[in-house]
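Chemist: Contents are mmCIF, C-alpha atoms; file name structure_1.cif:
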data_run
#
loop_
_atom_site.group_PDB
_atom_site.id
_atom_site.type_symbol
_atom_site.label_atom_id
_atom_site.label_comp_id
_atom_site.auth_asym_id
_atom_site.auth_seq_id
_atom_site.Cartn_x
_atom_site.Cartn_y
_atom_site.Cartn_z
ATOM 1 C CA MET A 1 49.787 -3.452 -31.161
ATOM 2 C CA THR A 2 51.496 -1.774 -28.204
ATOM 3 C CA LEU A 3 54.911 -3.126 -27.364
ATOM 4 C CA LYS A 4 55.304 -4.233 -23.733
ATOM 5 C CA SER A 5 58.403 -4.763 -21.622
ATOM 6 C CA ILE A 6 59.347 -6.783 -18.572
ATOM 7 C CA GLU A 7 58.754 -3.681 -16.413
ATOM 8 C CA ASP A 8 55.030 -3.911 -17.253
ATOM 9 C CA ALA A 9 54.782 -7.280 -15.437
ATOM 10 C CA TYR A 10 54.587 -7.345 -11.656
ATOM 11 C CA LEU A 11 53.872 -9.442 -8.594
ATOM 12 C CA VAL A 12 50.381 -8.980 -7.145
ATOM 13 C CA GLU A 13 49.701 -9.648 -3.454
ATOM 14 C CA LEU A 14 46.090 -10.714 -3.104
ATOM 15 C CA PRO A 15 43.985 -10.179 0.046
ATOM 16 C CA ARG A 16 44.184 -12.860 2.722
ATOM 17 C CA ILE A 17 41.553 -13.499 5.338
ATOM 18 C CA ALA A 18 43.082 -15.781 7.949
ATOM 19 C CA ASP A 19 40.828 -18.160 9.837
ATOM 20 C CA PRO A 20 41.630 -21.239 11.935
ATOM 21 C CA ALA A 21 39.067 -23.127 9.847
ATOM 22 C CA GLY A 22 40.913 -22.252 6.611
ATOM 23 C CA ASN A 23 42.118 -19.116 4.877
ATOM 24 C CA LEU A 24 40.364 -17.247 2.082
ATOM 25 C CA THR A 25 41.816 -15.224 -0.787
ATOM 26 C CA PHE A 26 39.805 -13.410 -3.437
ATOM 27 C CA VAL A 27 40.424 -11.540 -6.681
ATOM 28 C CA GLU A 28 38.364 -8.636 -7.989
ATOM 29 C CA GLU A 29 38.635 -7.314 -11.515
ATOM 30 C CA LYS A 30 40.053 -3.836 -11.951
ATOM 31 C CA ARG A 31 40.978 -3.857 -8.251
ATOM 32 C CA HIS A 32 43.513 -6.667 -8.003
ATOM 33 C CA VAL A 33 43.957 -7.103 -11.751
ATOM 34 C CA PRO A 34 43.960 -4.201 -14.205
ATOM 35 C CA PHE A 35 41.479 -5.827 -16.588
ATOM 36 C CA GLU A 36 37.984 -7.239 -16.872
ATOM 37 C CA ILE A 37 38.107 -10.978 -16.186
ATOM 38 C CA ARG A 38 36.591 -12.742 -19.186
ATOM 39 C CA ARG A 39 37.989 -16.250 -18.716
ATOM 40 C CA VAL A 40 39.316 -18.410 -15.902
ATOM 41 C CA PHE A 41 41.206 -21.661 -16.434
ATOM 42 C CA TYR A 42 43.600 -23.854 -14.526
ATOM 43 C CA THR A 43 46.171 -26.520 -15.222
ATOM 44 C CA TYR A 44 46.767 -29.430 -12.892
ATOM 45 C CA ASP A 45 48.315 -32.902 -12.817
ATOM 46 C CA VAL A 46 51.448 -31.422 -14.374
ATOM 47 C CA PRO A 47 54.221 -33.915 -13.596
ATOM 48 C CA GLY A 48 56.808 -32.536 -11.165
ATOM 49 C CA GLY A 49 59.581 -30.710 -13.011
ATOM 50 C CA GLU A 50 57.583 -30.331 -16.245
ATOM 51 C CA SER A 51 56.942 -27.044 -18.064
ATOM 52 C CA ARG A 52 53.850 -25.444 -19.597
ATOM 53 C CA ALA A 53 52.917 -22.430 -21.711
ATOM 54 C CA GLY A 54 55.681 -21.260 -24.045
ATOM 55 C CA HIS A 55 53.621 -18.603 -25.801
ATOM 56 C CA ALA A 56 52.725 -14.920 -25.949
ATOM 57 C CA SER A 57 49.347 -13.306 -26.510
ATOM 58 C CA LYS A 58 48.691 -10.402 -28.842
ATOM 59 C CA LYS A 59 45.792 -8.989 -26.755
ATOM 60 C CA ASN A 60 45.218 -11.237 -23.744
ATOM 61 C CA GLU A 61 46.453 -10.168 -20.293
ATOM 62 C CA GLU A 62 46.684 -12.656 -17.428
ATOM 63 C CA LEU A 63 47.056 -13.015 -13.703
ATOM 64 C CA ILE A 64 48.816 -16.319 -12.958
ATOM 65 C CA VAL A 65 48.452 -17.787 -9.443
ATOM 66 C CA ALA A 66 49.855 -20.952 -7.869
ATOM 67 C CA ALA A 67 46.552 -21.994 -6.263
ATOM 68 C CA SER A 68 48.357 -25.029 -4.857
ATOM 69 C CA GLY A 69 51.977 -26.114 -4.868
ATOM 70 C CA SER A 70 54.644 -24.097 -6.611
ATOM 71 C CA PHE A 71 56.122 -23.260 -10.003
ATOM 72 C CA ASP A 72 58.139 -20.512 -11.669
ATOM 73 C CA VAL A 73 56.891 -18.046 -14.274
ATOM 74 C CA ILE A 74 59.590 -16.940 -16.708
ATOM 75 C CA LEU A 75 58.717 -13.810 -18.685
ATOM 76 C CA ASP A 76 60.532 -12.561 -21.781
ATOM 77 C CA ASP A 77 59.960 -9.326 -23.701
ATOM 78 C CA GLY A 78 62.265 -10.295 -26.554
ATOM 79 C CA GLN A 79 65.304 -8.727 -24.908
ATOM 80 C CA ARG A 80 65.180 -9.503 -21.191
ATOM 81 C CA HIS A 81 63.987 -12.320 -18.947
ATOM 82 C CA GLN A 82 62.488 -12.201 -15.482
ATOM 83 C CA ARG A 83 61.621 -15.137 -13.215
ATOM 84 C CA PHE A 84 58.861 -15.099 -10.603
ATOM 85 C CA SER A 85 58.663 -18.009 -8.158
ATOM 86 C CA LEU A 86 55.100 -18.624 -7.044
ATOM 87 C CA ASN A 87 54.568 -20.756 -3.949
ATOM 88 C CA ARG A 88 51.801 -18.988 -2.019
ATOM 89 C CA SER A 89 48.179 -18.896 -3.151
ATOM 90 C CA TYR A 90 47.856 -15.208 -2.273
ATOM 91 C CA PHE A 91 50.467 -14.054 -4.791
ATOM 92 C CA GLY A 92 50.093 -13.863 -8.540
ATOM 93 C CA VAL A 93 51.999 -12.478 -11.492
ATOM 94 C CA TYR A 94 50.366 -9.956 -13.792
ATOM 95 C CA VAL A 95 51.429 -10.730 -17.365
ATOM 96 C CA PRO A 96 50.566 -8.066 -19.949
ATOM 97 C CA ASN A 97 49.946 -8.885 -23.577
ATOM 98 C CA MET A 98 52.960 -9.281 -25.886
ATOM 99 C CA ILE A 99 55.126 -10.897 -23.194
ATOM 100 C CA TRP A 100 56.387 -14.445 -23.783
ATOM 101 C CA ARG A 101 55.740 -16.689 -20.797
ATOM 102 C CA GLU A 102 56.860 -20.128 -19.709
ATOM 103 C CA LEU A 103 55.794 -21.994 -16.598
ATOM 104 C CA VAL A 104 58.510 -24.292 -15.256
ATOM 105 C CA ASN A 105 59.630 -26.216 -12.203
ATOM 106 C CA PHE A 106 56.194 -27.462 -11.131
ATOM 107 C CA SER A 107 56.019 -29.216 -7.782
ATOM 108 C CA SER A 108 53.897 -32.358 -7.646
ATOM 109 C CA GLY A 109 50.217 -31.587 -7.136
ATOM 110 C CA SER A 110 50.471 -27.976 -8.292
ATOM 111 C CA VAL A 111 47.442 -26.108 -9.592
ATOM 112 C CA CYS A 112 48.058 -23.102 -11.841
ATOM 113 C CA LEU A 113 45.078 -20.730 -11.864
ATOM 114 C CA VAL A 114 44.903 -18.156 -14.665
ATOM 115 C CA LEU A 115 42.527 -15.196 -14.888
ATOM 116 C CA ALA A 116 42.438 -13.844 -18.438
ATOM 117 C CA SER A 117 41.222 -10.643 -20.055
ATOM 118 C CA GLU A 118 40.031 -12.320 -23.264
ATOM 119 C CA LEU A 119 38.011 -15.319 -24.333
ATOM 120 C CA PHE A 120 40.082 -18.059 -25.946
ATOM 121 C CA ASP A 121 41.103 -17.231 -29.516
ATOM 122 C CA GLU A 122 43.850 -19.328 -31.128
ATOM 123 C CA ASP A 123 44.688 -16.417 -33.463
ATOM 124 C CA ASP A 124 45.705 -14.353 -30.395
ATOM 125 C CA TYR A 125 48.668 -16.638 -29.672
ATOM 126 C CA TYR A 126 52.280 -16.619 -30.765
ATOM 127 C CA ARG A 127 53.292 -20.234 -30.174
ATOM 128 C CA SER A 128 56.658 -19.965 -31.926
ATOM 129 C CA TYR A 129 59.325 -17.934 -30.115
ATOM 130 C CA ASP A 130 60.885 -16.968 -33.459
ATOM 131 C CA GLU A 131 57.548 -15.650 -34.731
ATOM 132 C CA TYR A 132 57.105 -13.725 -31.471
ATOM 133 C CA ARG A 133 60.587 -12.179 -31.754
ATOM 134 C CA MET A 134 59.846 -11.107 -35.356
ATOM 135 C CA ALA A 135 56.584 -9.447 -34.206
ATOM 136 C CA VAL A 136 58.398 -7.626 -31.383
ATOM 137 C CA ALA A 137 61.109 -6.435 -33.775
ATOM 138 C CA ALA A 138 58.496 -5.242 -36.298
ATOM 139 C CA SER A 139 56.688 -3.264 -33.551
ATOM 140 C CA ALA A 140 59.821 -1.525 -32.304
#
As C-alpha cells, how would this structure be written, given the file I've shared?
Modeler:
Amino acid sequence: MTLKSIEDAYLVELPRIADPAGNLTFVEEKRHVPFEIRRVFYTYDVPGGESRAGHASKKNEELIVAASGSFDVILDDGQRHQRFSLNRSYFGVYVPNMIWRELVNFSSGSVCLVLASELFDEDDYYRSYDEYRMAVAASA
C-alpha cells in the first residue's frame, strides 16, 4: 500500500459549455480524472448542516463534485488537514486512496456526485479513524 499525503489531492476544474438554454459539464476518465471510472454514485437529501463519509479507502480513488448546492470536503492524511469548499458543479476534488475524507456543511438540496476507481468493496474501507491512523503509521 502506497502512502499518500494531502499534496496528492487537488481541485479539478471540469469543462463548461455555456448555453442560454442551460450549461453542460462533462467528465472523461484519464483526462479529467487520473483513473478509470468503475463506479458512479451520489448522495442527496442530506439535511442542511449534516455530514457524510468519515472514511478512507485502501485502493479506491474518487472525484467528488457538488452537482447541486454546496458542501465542504475535509481531507486528512493522518498528519495534516485540508478543506475544499465545493459550490460550483464544474469543480471537483480528486481524492487519492489512503486519504481520510469527511463531507460537511451541506446546504439544503445538495447533491454530491462521486466518480470512483473501484467497484464497491466493504473490505476496502477504513471506517474507524483510529484504525486508519494505525495503518498510516504502519506504512510510514
Chemist: Which of these, A:Leu63, A:Ile6, A:Val95, A:Ala138, has the shortest distance to A:Arg39 once you count all atoms listed in the file?
Modeler: A:Leu63
Chemist: Applying the PyMOL selection byres ((chain A and resi 120-127) around 9) to the file I just gave you, which residues come out? Please list them as a list in words.
Modeler: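 For this structure, the PyMOL selection byres ((chain A and resi 120-127) around 9) captures Arg39, Ala53, Gly54, His55, Ala56, Ser57, Lys58, Lys59, Asn60, Met98, Trp100, Ala116, Glu118, Leu119, Ser128, Tyr129, Asp130, Glu131 and Tyr132 of chain A.
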Chemist: Just say which residues the PyMOL selection byres ((chain A and resi 74-83) around 8) picks in this file, as an MDAnalysis selection string.
Modeler: chainID A and resid 4:6 72:73 84:85 98:104 132:133 136
Chemist: Could you check how far atom CA of A:Ser89 sits from atom CA of A:Arg38, in Å to one decimal?
Modeler: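 Result for atom CA of A:Ser89 versus atom CA of A:Arg38: 20.7 Å, one decimal.
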Chemist: Mind giving me the straight-line distance from atom CA of A:Val40 to atom CA of A:Arg16 in Å, one decimal?
Modeler: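 A separation of 20.0 Å between them.
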Chemist: Compile the contact shell of stretch 21-26 of chain A as a ChimeraX atom specification: residues with an atom at most 12 Å away, counting all atoms listed in the file, same-chain residues fewer than 4 positions apart removed.
Modeler: /A:13-17,31-33,65,67,88-92,115
Chemist: Rank nothing, just name the residue among A:Val114, A:Asn87, A:Ala9, A:Ser51 nearest to A:Val27, using all atoms listed in the file.
Modeler: A:Val114
Chemist: With distances taken over all atoms listed in the file, which of A:Ser139, A:Ser70, A:Ser117, A:Asn105 is nearest to A:Arg52?
Modeler: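 Ranked by minimum distance to A:Arg52, first place goes to A:Asn105.
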Chemist: How would you write, as a ChimeraX atom specification, the residues chosen by the PyMOL selection byres ((chain A and resi 11) around 6) on this structure?
Modeler: /A:10,12,92-93
Chemist: Nearest residue to A:Glu61 out of A:Glu36, A:Pro96, A:Leu86, A:Gly49, using all atoms listed in the file?
Modeler: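 The closest residue to A:Glu61 is A:Pro96.
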Chemist: Just give me the gap between atom CA of A:Leu113 and atom CA of A:Glu50 in Å, one decimal is fine.
Modeler: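 Straight-line distance from atom CA of A:Leu113 to atom CA of A:Glu50 works out to 16.4 Å.
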Chemist: Can you tell me, as a PyMOL selection string, what residues are no more than 7 Å from A:Gly69 when counting all atoms listed in the file, ignoring any on the same chain fewer than 4 positions away?
Modeler: chain A and resi 87+107+109-111
Chemist: Tell me which of A:Ala140, A:Thr43, A:Glu7, A:Ala135 sits closest to A:Ser68, counting all atoms listed in the file.
Modeler: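 Comparing A:Ala140, A:Thr43, A:Glu7, A:Ala135 against A:Ser68, the winner is A:Thr43.
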